[in-house]
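Asker: Sharing run_39.cif here; it has mmCIF, C-alpha atoms and all ligand atoms.
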data_run
#
loop_
_atom_site.label_atom_id
_atom_site.label_comp_id
_atom_site.auth_asym_id
_atom_site.auth_seq_id
_atom_site.Cartn_x
_atom_site.Cartn_y
_atom_site.Cartn_z
CA MET D 1043 92.58 134.47 70.05
CA LYS D 1044 89.73 133.11 72.17
CA VAL D 1045 89.64 129.84 74.11
CA LEU D 1046 86.56 128.40 75.78
CA ILE D 1047 87.10 126.39 78.97
CA ILE D 1048 84.51 123.80 79.94
CA ASN D 1049 84.22 122.13 83.33
CA ALA D 1050 81.37 119.64 83.04
CA GLY D 1051 79.78 118.07 86.10
CA SER D 1052 76.92 115.57 86.15
CA SER D 1053 74.24 118.30 86.15
CA SER D 1054 76.24 121.48 85.51
CA ILE D 1055 78.70 123.02 83.06
CA LYS D 1056 80.93 125.83 84.30
CA PHE D 1057 82.50 127.84 81.50
CA GLN D 1058 84.94 130.69 80.91
CA LEU D 1059 85.83 132.38 77.64
CA PHE D 1060 89.41 133.68 77.61
CA GLU D 1061 90.94 136.34 75.38
CA MET D 1062 94.43 134.87 75.23
CA GLU D 1063 96.13 138.05 73.94
CA ASN D 1064 96.03 139.34 77.52
CA GLU D 1065 94.84 136.15 79.27
CA SER D 1066 91.66 137.86 80.47
CA VAL D 1067 88.22 136.30 81.03
CA ILE D 1068 85.65 138.00 78.78
CA ALA D 1069 82.63 135.89 79.74
CA LYS D 1070 81.89 133.20 82.28
CA GLY D 1071 79.02 131.36 83.84
CA ASN D 1072 77.34 128.14 84.74
CA CYS D 1073 74.61 125.98 83.20
CA GLU D 1074 72.85 124.38 86.15
CA LYS D 1075 70.36 121.57 86.74
CA ILE D 1076 71.08 119.96 83.36
CA GLY D 1077 68.68 117.06 82.84
CA LEU D 1078 66.59 118.20 85.81
CA PRO D 1079 63.50 120.36 86.22
CA GLY D 1080 64.25 124.08 86.62
CA SER D 1081 67.47 124.21 84.56
CA PHE D 1082 68.97 127.68 84.13
CA ILE D 1083 72.06 129.53 82.98
CA SER D 1084 73.93 132.21 84.92
CA TYR D 1085 76.15 134.32 82.70
CA LYS D 1086 78.52 137.24 83.32
CA ALA D 1087 80.08 139.50 80.70
CA LYS D 1088 80.76 143.19 80.07
CA GLY D 1089 80.46 143.92 83.80
CA ASP D 1090 76.87 142.70 83.87
CA GLU D 1091 75.18 139.41 84.64
CA LEU D 1092 71.98 137.51 83.95
CA VAL D 1093 70.24 134.41 85.21
CA GLU D 1094 67.76 132.82 82.79
CA ALA D 1095 65.67 129.67 82.77
CA ALA D 1096 66.50 127.50 79.73
CA SER D 1097 65.63 124.01 78.59
CA MET D 1098 68.72 121.81 79.02
CA PRO D 1099 67.71 118.15 78.86
CA ASN D 1100 71.35 117.09 78.30
CA HIS D 1101 74.90 118.48 78.02
CA THR D 1102 74.67 119.05 74.24
CA GLU D 1103 71.56 121.23 74.66
CA ALA D 1104 73.21 123.10 77.57
CA LEU D 1105 76.22 123.86 75.37
CA LYS D 1106 73.89 125.24 72.67
CA VAL D 1107 72.37 127.54 75.32
CA LEU D 1108 75.75 128.80 76.47
CA LEU D 1109 76.98 129.39 72.90
CA ASP D 1110 73.79 131.32 72.23
CA LYS D 1111 74.55 133.59 75.23
CA LEU D 1112 78.11 134.17 73.98
CA THR D 1113 76.89 135.15 70.50
CA HIS D 1114 73.46 136.78 70.96
CA GLY D 1115 71.82 139.46 73.09
CA LYS D 1116 73.21 142.49 74.85
CA LEU D 1117 75.88 140.54 76.75
CA ALA D 1118 77.21 138.78 73.64
CA VAL D 1119 81.01 138.92 73.39
CA ILE D 1120 81.54 137.26 69.99
CA LYS D 1121 79.63 137.35 66.68
CA SER D 1122 79.88 133.65 65.92
CA PHE D 1123 81.46 130.69 67.64
CA ASP D 1124 83.91 130.45 64.76
CA GLU D 1125 85.81 133.08 66.78
CA ILE D 1126 86.55 130.42 69.40
CA ALA D 1127 89.97 129.05 68.38
CA ALA D 1128 89.87 126.01 70.66
CA VAL D 1129 88.01 124.44 73.58
CA GLY D 1130 89.75 123.13 76.70
CA HIS D 1131 88.00 120.59 78.91
CA ARG D 1132 88.77 119.92 82.54
CA CYS D 1133 88.73 116.20 83.24
CA VAL D 1134 89.04 114.93 86.79
CA HIS D 1135 90.57 111.56 86.04
CA GLY D 1136 93.02 110.42 83.38
CA GLY D 1137 93.17 107.08 85.17
CA TRP D 1138 96.14 104.90 84.30
CA LEU D 1139 95.91 106.00 80.66
CA TYR D 1140 96.70 109.72 80.42
CA PHE D 1141 99.55 111.57 82.07
CA GLU D 1142 99.49 114.72 79.95
CA SER D 1143 96.94 116.99 78.33
CA GLU D 1144 95.60 115.46 75.10
CA PHE D 1145 94.05 116.54 71.82
CA ILE D 1146 90.54 115.03 71.88
CA THR D 1147 89.89 112.38 69.24
CA ASP D 1148 87.33 109.56 68.98
CA GLU D 1149 89.98 107.26 70.40
CA VAL D 1150 90.60 109.47 73.44
CA ILE D 1151 86.87 109.54 74.20
CA LYS D 1152 86.72 105.75 73.82
CA ASN D 1153 89.69 105.28 76.14
CA LEU D 1154 88.22 107.65 78.72
CA GLU D 1155 85.14 105.44 78.86
CA GLU D 1156 87.44 102.86 80.48
CA THR D 1157 88.29 105.27 83.31
CA LYS D 1158 84.65 105.13 84.42
CA GLU D 1159 85.75 102.05 86.30
CA VAL D 1160 87.81 104.15 88.73
CA SER D 1161 85.88 107.42 88.49
CA PRO D 1162 82.24 106.58 87.68
CA LEU D 1163 80.61 109.93 88.49
CA HIS D 1164 83.22 112.34 87.21
CA ALA D 1165 84.18 110.43 84.05
CA SER D 1166 80.60 110.25 82.74
CA ALA D 1167 80.04 113.97 83.31
CA ASN D 1168 83.38 115.02 81.83
CA ILE D 1169 82.85 112.81 78.75
CA ALA D 1170 79.32 114.21 78.29
CA GLY D 1171 80.86 117.72 78.17
CA MET D 1172 83.43 116.68 75.57
CA VAL D 1173 80.95 114.79 73.39
CA GLY D 1174 78.42 117.64 73.66
CA CYS D 1175 81.01 120.21 72.62
CA ARG D 1176 82.16 118.11 69.67
CA ASN D 1177 78.49 117.83 68.61
CA VAL D 1178 77.91 121.59 68.58
CA MET D 1179 81.41 122.68 67.42
CA PRO D 1180 82.65 119.76 65.29
CA ASN D 1181 85.35 121.80 63.55
CA THR D 1182 86.88 123.45 66.62
CA PRO D 1183 89.99 121.78 68.12
CA GLN D 1184 89.31 120.37 71.58
CA VAL D 1185 91.81 119.52 74.29
CA VAL D 1186 91.41 117.69 77.59
CA VAL D 1187 93.45 118.58 80.68
CA PHE D 1188 93.49 116.05 83.51
CA ASP D 1189 93.46 116.79 87.25
CA THR D 1190 95.49 113.65 87.85
CA ALA D 1191 98.16 114.24 85.18
CA PHE D 1192 100.59 116.34 87.25
CA HIS D 1193 100.80 113.57 89.85
CA SER D 1194 101.86 110.88 87.38
CA THR D 1195 105.51 111.50 88.27
CA MET D 1196 105.08 110.15 91.81
CA PRO D 1197 107.43 107.24 92.49
CA PRO D 1198 105.87 103.83 93.22
CA GLU D 1199 106.68 104.00 96.93
CA ALA D 1200 104.43 107.09 97.08
CA TYR D 1201 101.57 105.93 94.86
CA MET D 1202 101.27 102.26 95.85
CA TYR D 1203 98.92 101.15 98.62
CA GLY D 1204 100.00 98.39 100.99
CA ILE D 1205 97.55 95.88 99.56
CA LYS D 1206 98.00 92.77 97.37
CA TYR D 1207 100.18 93.71 94.40
CA GLU D 1208 97.86 91.77 92.06
CA ASP D 1209 95.00 94.13 92.96
CA TYR D 1210 97.08 97.08 91.83
CA LYS D 1211 97.88 95.26 88.59
CA ASP D 1212 94.38 93.91 87.91
CA TYR D 1213 92.20 96.79 89.11
CA HIS D 1214 94.48 99.85 88.89
CA VAL D 1215 94.09 100.54 92.62
CA ARG D 1216 96.73 103.15 93.47
CA LYS D 1217 97.05 106.74 94.55
CA TYR D 1218 96.32 109.07 91.61
CA GLY D 1219 96.12 112.49 93.28
CA PHE D 1220 93.88 115.39 92.22
CA HIS D 1221 93.92 119.21 91.88
CA GLY D 1222 96.94 118.64 89.63
CA THR D 1223 96.12 121.60 87.39
CA SER D 1224 96.07 123.89 90.43
CA HIS D 1225 99.31 122.49 91.86
CA ARG D 1226 101.04 122.85 88.47
CA PHE D 1227 99.83 126.45 88.17
CA ILE D 1228 101.09 127.18 91.70
CA MET D 1229 104.48 125.64 90.87
CA GLN D 1230 104.83 127.85 87.78
CA GLU D 1231 103.72 131.00 89.60
CA THR D 1232 106.01 130.32 92.57
CA ALA D 1233 108.99 129.86 90.26
CA ARG D 1234 108.09 133.05 88.40
CA VAL D 1235 107.77 135.06 91.61
CA MET D 1236 111.06 133.67 92.93
CA GLY D 1237 112.83 134.35 89.62
CA LYS D 1238 113.81 130.68 89.27
CA LYS D 1239 112.92 127.69 87.13
CA PRO D 1240 110.59 125.04 88.59
CA GLU D 1241 113.49 122.58 88.07
CA GLU D 1242 115.49 124.49 90.71
CA LEU D 1243 112.89 124.39 93.47
CA LYS D 1244 111.29 122.26 96.17
CA ILE D 1245 107.74 123.47 96.78
CA ILE D 1246 104.91 122.43 99.09
CA SER D 1247 101.66 123.49 97.45
CA CYS D 1248 98.67 123.64 99.83
CA HIS D 1249 95.40 123.80 97.88
CA ILE D 1250 92.87 124.33 100.67
CA GLY D 1251 89.30 124.88 99.49
CA ASN D 1252 86.11 122.92 99.89
CA GLY D 1253 88.27 120.05 98.66
CA SER D 1254 91.89 120.16 99.82
CA SER D 1255 95.19 118.56 98.90
CA ILE D 1256 98.83 119.17 99.71
CA THR D 1257 101.50 118.30 97.16
CA ALA D 1258 105.28 117.95 97.38
CA ILE D 1259 106.98 119.20 94.20
CA LYS D 1260 110.66 118.61 93.49
CA ASN D 1261 112.51 119.88 90.41
CA GLY D 1262 109.25 120.63 88.60
CA LYS D 1263 107.65 117.26 89.35
CA CYS D 1264 105.10 116.02 91.87
CA ILE D 1265 106.67 113.44 94.15
CA ASP D 1266 103.79 112.98 96.59
CA THR D 1267 100.30 114.27 97.27
CA THR D 1268 97.66 113.76 99.93
CA MET D 1269 94.65 112.75 97.80
CA GLY D 1270 94.57 109.15 96.67
CA PHE D 1271 92.60 106.69 94.55
CA THR D 1272 89.80 109.25 94.87
CA PRO D 1273 89.70 112.80 96.25
CA LEU D 1274 88.56 111.43 99.63
CA GLU D 1275 92.01 110.71 101.05
CA GLY D 1276 94.29 113.14 102.89
CA VAL D 1277 93.41 116.17 104.98
CA MET D 1278 89.92 116.76 106.39
CA MET D 1279 87.82 118.86 103.97
CA GLY D 1280 84.48 120.66 103.71
CA THR D 1281 82.34 117.52 103.49
CA ARG D 1282 85.02 114.80 103.16
CA SER D 1283 86.53 112.99 106.12
CA GLY D 1284 90.05 112.71 104.68
CA ASP D 1285 92.15 109.85 106.09
CA ILE D 1286 90.24 107.35 108.16
CA ASP D 1287 90.80 103.76 109.29
CA PRO D 1288 88.88 101.67 106.66
CA THR D 1289 87.57 99.45 109.45
CA VAL D 1290 85.27 102.35 110.37
CA VAL D 1291 83.48 101.79 107.04
CA SER D 1292 82.32 98.27 107.96
CA PHE D 1293 81.82 99.05 111.68
CA LEU D 1294 79.74 102.19 111.14
CA GLY D 1295 78.02 100.71 108.09
CA LYS D 1296 76.65 97.90 110.27
CA LYS D 1297 75.59 100.32 113.02
CA LYS D 1298 73.83 102.67 110.59
CA GLY D 1299 72.49 100.03 108.18
CA LEU D 1300 74.49 101.44 105.26
CA ASN D 1301 76.23 99.39 102.59
CA ALA D 1302 79.81 100.10 101.47
CA GLU D 1303 78.75 102.48 98.70
CA GLU D 1304 76.47 104.41 101.04
CA MET D 1305 79.29 104.65 103.56
CA VAL D 1306 81.62 106.08 100.91
CA ASN D 1307 78.91 108.62 100.13
CA TYR D 1308 78.69 109.42 103.86
CA LEU D 1309 82.47 109.95 104.02
CA ASN D 1310 82.40 112.15 100.89
CA LYS D 1311 79.28 114.21 101.47
CA GLN D 1312 78.35 114.25 105.17
CA SER D 1313 81.70 114.34 106.93
CA GLY D 1314 84.56 116.83 107.35
CA LEU D 1315 83.68 120.35 108.56
CA LEU D 1316 79.99 119.59 107.91
CA GLY D 1317 79.98 116.33 109.85
CA ILE D 1318 81.85 117.68 112.86
CA SER D 1319 80.06 121.05 113.09
CA GLY D 1320 76.69 119.52 112.22
CA LYS D 1321 75.88 122.80 110.48
CA THR D 1322 78.01 123.74 107.47
CA ASN D 1323 80.90 122.85 105.19
CA ASP D 1324 81.56 126.51 104.39
CA MET D 1325 84.60 127.94 106.16
CA ARG D 1326 83.13 131.45 106.33
CA GLU D 1327 80.09 130.10 108.16
CA ILE D 1328 82.34 128.01 110.42
CA ASN D 1329 84.20 131.25 111.29
CA GLU D 1330 80.91 132.97 112.18
CA LEU D 1331 79.83 130.03 114.34
CA VAL D 1332 83.19 130.01 116.14
CA ALA D 1333 82.82 133.74 116.81
CA GLN D 1334 79.42 132.99 118.39
CA GLY D 1335 81.06 130.40 120.68
CA ASP D 1336 79.96 127.24 118.84
CA GLU D 1337 82.18 124.48 120.26
CA ARG D 1338 81.63 121.95 117.48
CA ALA D 1339 82.45 124.48 114.79
CA LYS D 1340 85.65 125.27 116.68
CA LEU D 1341 86.52 121.59 116.91
CA ALA D 1342 85.91 121.20 113.16
CA ARG D 1343 88.23 124.11 112.40
CA ASP D 1344 90.89 122.91 114.84
CA MET D 1345 90.84 119.42 113.31
CA MET D 1346 91.22 120.78 109.80
CA PHE D 1347 94.10 123.10 110.72
CA TYR D 1348 95.87 120.36 112.67
CA ARG D 1349 95.71 117.86 109.81
CA ILE D 1350 96.94 120.41 107.29
CA ALA D 1351 99.95 121.28 109.48
CA LYS D 1352 100.66 117.56 109.98
CA TYR D 1353 100.76 116.91 106.23
CA VAL D 1354 102.91 119.97 105.53
CA GLY D 1355 105.37 118.45 108.02
CA ALA D 1356 105.20 115.10 106.21
CA MET D 1357 105.88 116.75 102.84
CA LEU D 1358 108.86 118.62 104.33
CA THR D 1359 110.38 115.25 105.17
CA VAL D 1360 109.49 113.77 101.79
CA LEU D 1361 111.25 116.70 100.09
CA ASN D 1362 114.18 116.86 102.52
CA GLY D 1363 113.29 120.48 103.24
CA ALA D 1364 111.61 123.03 100.99
CA ASP D 1365 112.35 126.35 99.28
CA ALA D 1366 108.74 127.50 99.37
CA ILE D 1367 105.40 126.72 100.97
CA VAL D 1368 102.38 128.12 99.16
CA PHE D 1369 98.76 128.55 100.30
CA THR D 1370 96.05 128.67 97.66
CA ALA D 1371 92.30 128.13 96.94
CA GLY D 1372 89.29 129.54 98.83
CA VAL D 1373 90.46 128.79 102.37
CA GLY D 1374 94.23 128.84 101.77
CA GLU D 1375 94.03 132.27 100.14
CA ASN D 1376 91.66 133.88 102.63
CA GLN D 1377 91.90 132.24 106.05
CA GLU D 1378 94.73 134.06 107.79
CA ASP D 1379 94.58 132.05 111.02
CA LEU D 1380 95.10 128.79 109.10
CA ARG D 1381 98.28 130.16 107.56
CA GLU D 1382 99.40 131.54 110.92
CA TYR D 1383 98.75 128.18 112.61
CA VAL D 1384 100.80 126.27 110.04
CA MET D 1385 103.65 128.81 109.97
CA ASP D 1386 103.84 128.89 113.79
CA LYS D 1387 104.19 125.09 113.80
CA LEU D 1388 107.10 125.45 111.35
CA ALA D 1389 109.13 127.84 113.54
CA TYR D 1390 111.31 124.84 114.45
CA VAL D 1391 112.60 124.59 110.87
CA GLY D 1392 113.26 128.33 110.74
CA VAL D 1393 110.05 129.64 109.15
CA LYS D 1394 109.61 133.32 110.08
CA PHE D 1395 106.78 135.46 108.84
CA ASP D 1396 105.24 138.90 109.01
CA ARG D 1397 102.27 138.30 111.32
CA LYS D 1398 100.64 141.64 110.62
CA LYS D 1399 100.97 141.31 106.84
CA ASN D 1400 99.54 137.77 106.93
CA ALA D 1401 96.50 139.05 108.86
CA THR D 1402 95.75 141.97 106.54
CA LEU D 1403 96.19 140.65 103.00
CA PRO D 1404 94.16 142.23 100.21
CA ARG D 1405 92.05 139.74 98.25
CA GLY D 1406 93.38 137.99 95.20
CA THR D 1407 97.00 139.18 95.18
CA ILE D 1408 100.29 137.29 95.23
CA GLU D 1409 102.01 137.95 98.57
CA GLU D 1410 105.18 136.80 100.28
CA LEU D 1411 104.42 136.20 103.95
CA SER D 1412 107.86 135.09 105.10
CA THR D 1413 110.48 137.59 106.29
CA LYS D 1414 113.91 137.93 104.63
CA ASP D 1415 115.60 135.79 107.29
CA SER D 1416 113.09 132.91 107.00
CA ALA D 1417 114.65 129.53 106.15
CA ILE D 1418 111.72 128.76 103.82
CA LYS D 1419 109.75 131.27 101.79
CA VAL D 1420 105.99 131.28 102.33
CA PHE D 1421 103.54 132.70 99.79
CA ARG D 1422 99.84 133.25 99.31
CA ILE D 1423 99.18 132.78 95.59
CA PRO D 1424 95.69 132.73 94.05
CA THR D 1425 95.19 129.64 91.90
CA ASN D 1426 93.81 129.80 88.37
CA GLU D 1427 93.14 126.32 87.00
CA GLU D 1428 91.14 127.63 84.05
CA LEU D 1429 94.01 129.80 82.84
CA LEU D 1430 96.39 126.85 82.91
CA ILE D 1431 93.84 124.78 80.96
CA ALA D 1432 93.55 127.62 78.42
CA ARG D 1433 97.35 127.81 78.05
CA ASP D 1434 97.63 124.02 77.64
CA THR D 1435 94.77 124.07 75.13
CA LEU D 1436 96.52 126.57 72.86
CA LYS D 1437 99.77 124.62 73.11
CA ILE D 1438 98.27 121.17 72.41
CA ALA D 1439 96.05 122.56 69.62
CA GLY D 1440 99.21 123.95 68.00
CA LEU D 1441 97.98 127.53 68.28
CA ALA D 1442 100.43 128.93 70.85
CA LYS D 1443 102.62 131.75 69.59
P1 LIG L 1 87.15 126.60 96.81
O1 LIG L 1 86.80 125.14 96.86
O2 LIG L 1 88.58 126.87 96.48
O3 LIG L 1 86.18 127.41 95.99
O4 LIG L 1 86.98 127.14 98.32
C1 LIG L 1 85.74 127.15 98.96
C2 LIG L 1 85.98 127.37 100.45
O5 LIG L 1 86.71 128.60 100.63
C3 LIG L 1 84.70 127.49 101.25
O6 LIG L 1 84.84 126.76 102.47
C4 LIG L 1 84.64 128.97 101.55
O7 LIG L 1 83.98 129.24 102.75
C5 LIG L 1 86.11 129.30 101.68
N1 LIG L 1 86.31 130.75 101.58
C6 LIG L 1 86.03 131.57 100.55
N2 LIG L 1 86.29 132.86 100.90
C7 LIG L 1 86.74 132.84 102.17
C8 LIG L 1 87.16 133.85 103.10
N3 LIG L 1 87.16 135.13 102.78
N4 LIG L 1 87.57 133.43 104.31
C9 LIG L 1 87.57 132.13 104.66
N5 LIG L 1 87.17 131.14 103.84
C10 LIG L 1 86.76 131.48 102.61
#
Any chance you could give the structure as structure tokens?
Answerer:
Amino acid sequence: MKVLIINAGSSSIKFQLFEMENESVIAKGNCEKIGLPGSFISYKAKGDELVEAASMPNHTEALKVLLDKLTHGKLAVIKSFDEIAAVGHRCVHGGWLYFESEFITDEVIKNLEETKEVSPLHASANIAGMVGCRNVMPNTPQVVVFDTAFHSTMPPEAYMYGIKYEDYKDYHVRKYGFHGTSHRFIMQETARVMGKKPEELKIISCHIGNGSSITAIKNGKCIDTTMGFTPLEGVMMGTRSGDIDPTVVSFLGKKKGLNAEEMVNYLNKQSGLLGISGKTNDMREINELVAQGDERAKLARDMMFYRIAKYVGAMLTVLNGADAIVFTAGVGENQEDLREYVMDKLAYVGVKFDRKKNATLPRGTIEELSTKDSAIKVFRIPTNEELLIARDTLKIAGLAK
């Protein structure tokens, strides 16, 4: 049985086609520059890949292009899109309305329009992907999986901000949390590797990529996370500042002649590793700059590591200790000195790890980094949000075996 996963951005659609018999990806790619000049599709299947210019004035047309690639030409993997049993959509924000994956209906789309209030950019793009897919595949069941859903179990003391209560009530201003699909996948994988049920474990999941968040999971449920009302809060990231005193927004806005919206854009797009280094948001490039003696790149890396360690400590307190700490996503999976830095800081709670193993991990494998006598287990586990979306899609569409 095949499931298509769609991750629609404002001008792109990333896609993966899964064969669910063995949970393998049989085709994947990206439609880019949708609605812009120079739109093109990159597509990988059968061990080969192509990049082709294609007219994609909107998401519906882009979806037609991607379905054509799946069904026609030498890299086609299916004869007709009737072979696609269901489509799963990644949606960044379920707002205050959705706390679990949902079967997409007209009503769900209508309700999601309301979430534009709290997530203007992402909601429009995600909805365009869903509407486009329903246009081109009207008879195929479609499911939406929310990045915020896993965090809906946070208690009020964790998700409330210390502002006027009426503003929470009237405007839905609260911490929502993001990367929930990744954190849920990590929870399930950690439990599997440890031979336990998620309900038996306390886990700190560190999703450290271009965007980063750290989540405290207790008995299978999120109880706190670092991202907030938007994905800007928490640790310092590739281009996002993470936590900052809000007074800086008005102070710096006045100095730079930027209004509040422009300042939020500055904090989202020009800050973090990029802002501090002045050169790049990419951790691999930061590493190269540090090796060449670039002081600002080193400061950027030090700041990011420090803040991650600080939040892992906070989550340890929130959980009253943990059974496992897990590193995942582009940086968490591959940056050995980040993991070493955090684990060294945790020696005081009895974390012990194999330094040599941590420094020489193969790519993309699940690895235990802690030693047998460590008080807390530490793992490197590759995340796979798309696979979790595909599994949820089959379940919600009533197709799971
Ligand atoms: P993600 O958002 O999960 O795709 O992660 C993207 C980030 O992971 C970028 O900053 C990349 O530079 C970083 N990354 C990917 N591969 C590596 C690697 N081998 N070592 C260090 N960082 C990496």
Asker: How many Å lie between CA of Val1215 in chain D and CA of Phe1271 in chain D, rounded to one decimal?
Answerer: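 Value for the CA of Val1215 in chain D-CA of Phe1271 in chain D distance: 6.6 Å.
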Asker: Identify, on the basis of all atoms listed in the file, every residue whose closest approach to range 1168-1180 of chain D does not exceed 6 Å; exclude the query and any residue fewer than 5 positions from it along the same chain; express the result as a PyMOL selection string.
Answerer: chain D and resi 1050+1101-1102+1133
Asker: Could you save the residues just selected, with C-alpha atoms, as a PDB file, keeping the file's coordinate frame?
Answerer:
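Contents of the output file part_7.pdb:
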ATOM      1  CA  ALA D1050      81.370 119.640  83.040  1.00  0.00           C
ATOM      2  CA  HIS D1101      74.900 118.480  78.020  1.00  0.00           C
ATOM      3  CA  THR D1102      74.670 119.050  74.240  1.00  0.00           C
ATOM      4  CA  CYS D1133      88.730 116.200  83.240  1.00  0.00           C
TER       5      CYS D1133
END
Asker: Which chain D residues have any atom within 10 Å of an atom of ligand LIG 1 (chain L), and for each, what is the nearest pair of atoms with distance in Å to one decimal, counting only C-alpha atoms and all ligand atoms, rows sorted by chain and number, as CSV?
Answerer:
residue,atom,partner,partner_atom,distance
D:His1249,CA,L:LIG1,O2,7.6
D:Ile1250,CA,L:LIG1,O2,6.5
D:Gly1251,CA,L:LIG1,O4,3.4
D:Asn1252,CA,L:LIG1,O1,3.8
D:Gly1253,CA,L:LIG1,O1,5.6
D:Ser1254,CA,L:LIG1,O1,7.7
D:Met1279,CA,L:LIG1,O6,8.6
D:Gly1280,CA,L:LIG1,O6,6.2
D:Thr1281,CA,L:LIG1,O6,9.6
D:Leu1315,CA,L:LIG1,O6,8.9
D:Thr1322,CA,L:LIG1,O6,9.0
D:Asn1323,CA,L:LIG1,O6,6.2
D:Asp1324,CA,L:LIG1,O6,3.8
D:Met1325,CA,L:LIG1,O7,3.7
D:Arg1326,CA,L:LIG1,O7,4.3
D:Glu1327,CA,L:LIG1,O7,6.7
D:Ile1328,CA,L:LIG1,O7,7.9
D:Asn1329,CA,L:LIG1,C9,7.5
D:Thr1370,CA,L:LIG1,O2,7.8
D:Ala1371,CA,L:LIG1,O2,4.0
D:Gly1372,CA,L:LIG1,O5,3.3
D:Val1373,CA,L:LIG1,O5,4.1
D:Gly1374,CA,L:LIG1,O5,7.6
D:Glu1375,CA,L:LIG1,C7,7.6
D:Asn1376,CA,L:LIG1,N4,4.4
D:Gln1377,CA,L:LIG1,C9,4.5
D:Glu1378,CA,L:LIG1,N4,8.0
D:Asp1379,CA,L:LIG1,C9,9.5
D:Leu1380,CA,L:LIG1,C9,9.4
D:Arg1405,CA,L:LIG1,N3,8.1
D:Pro1424,CA,L:LIG1,O2,9.5
D:Thr1425,CA,L:LIG1,O2,8.5
Asker: May I ask for the distance between CA of Leu1108 in chain D and CA of Leu1046 in chain D, given in Å to one decimal place?
Answerer: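 Here the two named atoms are 10.8 Å from each other.
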Asker: Counting all atoms listed in the file, figure out which residue out of D:Arg1226, D:Lys1211, D:His1164, D:Lys1297 gets nearest to Glu1142 in chain D.
Answerer: D:Arg1226
Asker: Env of Gly1222 in chain D: 10 Å cut, atoms = all atoms listed in the file, seq-sep filter 3 positions within chain, self excluded. Answer as a ChimeraX atom specification.
Answerer: /D:1134,1187-1194,1218-1219,1225-1228,1249,1255,1257,1264,1267,1427
Asker: Those residues you just picked out, can you put them in a file as a PDB file, keeping the file's coordinate frame with C-alpha atoms?
Answerer:
ATOM      1  CA  VAL D1134      89.040 114.930  86.790  1.00  0.00           C
ATOM      2  CA  VAL D1187      93.450 118.580  80.680  1.00  0.00           C
ATOM      3  CA  PHE D1188      93.490 116.050  83.510  1.00  0.00           C
ATOM      4  CA  ASP D1189      93.460 116.790  87.250  1.00  0.00           C
ATOM      5  CA  THR D1190      95.490 113.650  87.850  1.00  0.00           C
ATOM      6  CA  ALA D1191      98.160 114.240  85.180  1.00  0.00           C
ATOM      7  CA  PHE D1192     100.590 116.340  87.250  1.00  0.00           C
ATOM      8  CA  HIS D1193     100.800 113.570  89.850  1.00  0.00           C
ATOM      9  CA  SER D1194     101.860 110.880  87.380  1.00  0.00           C
ATOM     10  CA  TYR D1218      96.320 109.070  91.610  1.00  0.00           C
ATOM     11  CA  GLY D1219      96.120 112.490  93.280  1.00  0.00           C
ATOM     12  CA  HIS D1225      99.310 122.490  91.860  1.00  0.00           C
ATOM     13  CA  ARG D1226     101.040 122.850  88.470  1.00  0.00           C
ATOM     14  CA  PHE D1227      99.830 126.450  88.170  1.00  0.00           C
ATOM     15  CA  ILE D1228     101.090 127.180  91.700  1.00  0.00           C
ATOM     16  CA  HIS D1249      95.400 123.800  97.880  1.00  0.00           C
ATOM     17  CA  SER D1255      95.190 118.560  98.900  1.00  0.00           C
ATOM     18  CA  THR D1257     101.500 118.300  97.160  1.00  0.00           C
ATOM     19  CA  CYS D1264     105.100 116.020  91.870  1.00  0.00           C
ATOM     20  CA  THR D1267     100.300 114.270  97.270  1.00  0.00           C
ATOM     21  CA  GLU D1427      93.140 126.320  87.000  1.00  0.00           C
TER      22      GLU D1427
END
Asker: When you draw a straight line from CA of Thr1232 in chain D to CA of Leu1403 in chain D, how long is it in Å?
Answerer: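 For CA of Thr1232 in chain D relative to CA of Leu1403 in chain D, the distance reads 17.7 Å.
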Asker: Counting all atoms listed in the file, figure out which residue out of D:Ile1418, D:Leu1092, D:Val1368, D:Ala1233 gets nearest to Tyr1390 in chain D.
Answerer: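 Ranked by minimum distance to Tyr1390 in chain D, first place goes to D:Ile1418.
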Asker: How big is the axis-aligned box, and where does its centre sit, when it encloses all atoms of range 1268-1271 of chain D listed in the file and has 3 Å added on every side, reported in Å to one decimal as JSON?
Answerer:
{"center_x": 95.1, "center_y": 110.2, "center_z": 97.2, "size_x": 11.1, "size_y": 13.1, "size_z": 11.4}
Asker: Please provide as number ranges by chain all residues within 10 Å of range 1055-1058 of chain D, with the sequence filter that same-chain residues fewer than 3 positions apart are discarded (counting all atoms listed in the file).
Answerer: D: 1045-1052, 1061, 1066-1076, 1083-1086, 1101, 1104-1105, 1108, 1130-1132, 1167-1168, 1171, 1428-1429, 1432
Asker: Find the residue from D:Leu1411, D:Ala1366, D:Ile1256, D:Ala1333 that sits nearest to Met1269 in chain D; use all atoms listed in the file when measuring.
Answerer: D:Ile1256
Asker: From the list D:Lys1352, D:Met1062, D:Ile1126, D:Ile1318, which residue is nearest Glu1337 in chain D when using all atoms listed in the file?
Answerer: D:Ile1318
Asker: Calculated over all atoms listed in the file, which of the candidates D:Thr1147, D:Thr1435, D:Ser1224, D:Ser1319 has the smallest distance to Leu1341 in chain D?
Answerer: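 Ranking D:Thr1147, D:Thr1435, D:Ser1224, D:Ser1319 by distance to Leu1341 in chain D, first place goes to D:Ser1319.
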Asker: Which residues come within 10 Å of Gln1230 in chain D, counting only C-alpha atoms, excluding same-chain residues fewer than 4 positions away, as a list in words?
Answerer: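 Neighbouring residues, sequence-local ones excluded: Ser1224, His1225, Arg1226, Arg1234, Val1235, Met1236, Lys1238, Lys1239, Pro1240, Gly1262 and Leu1430 of chain D.
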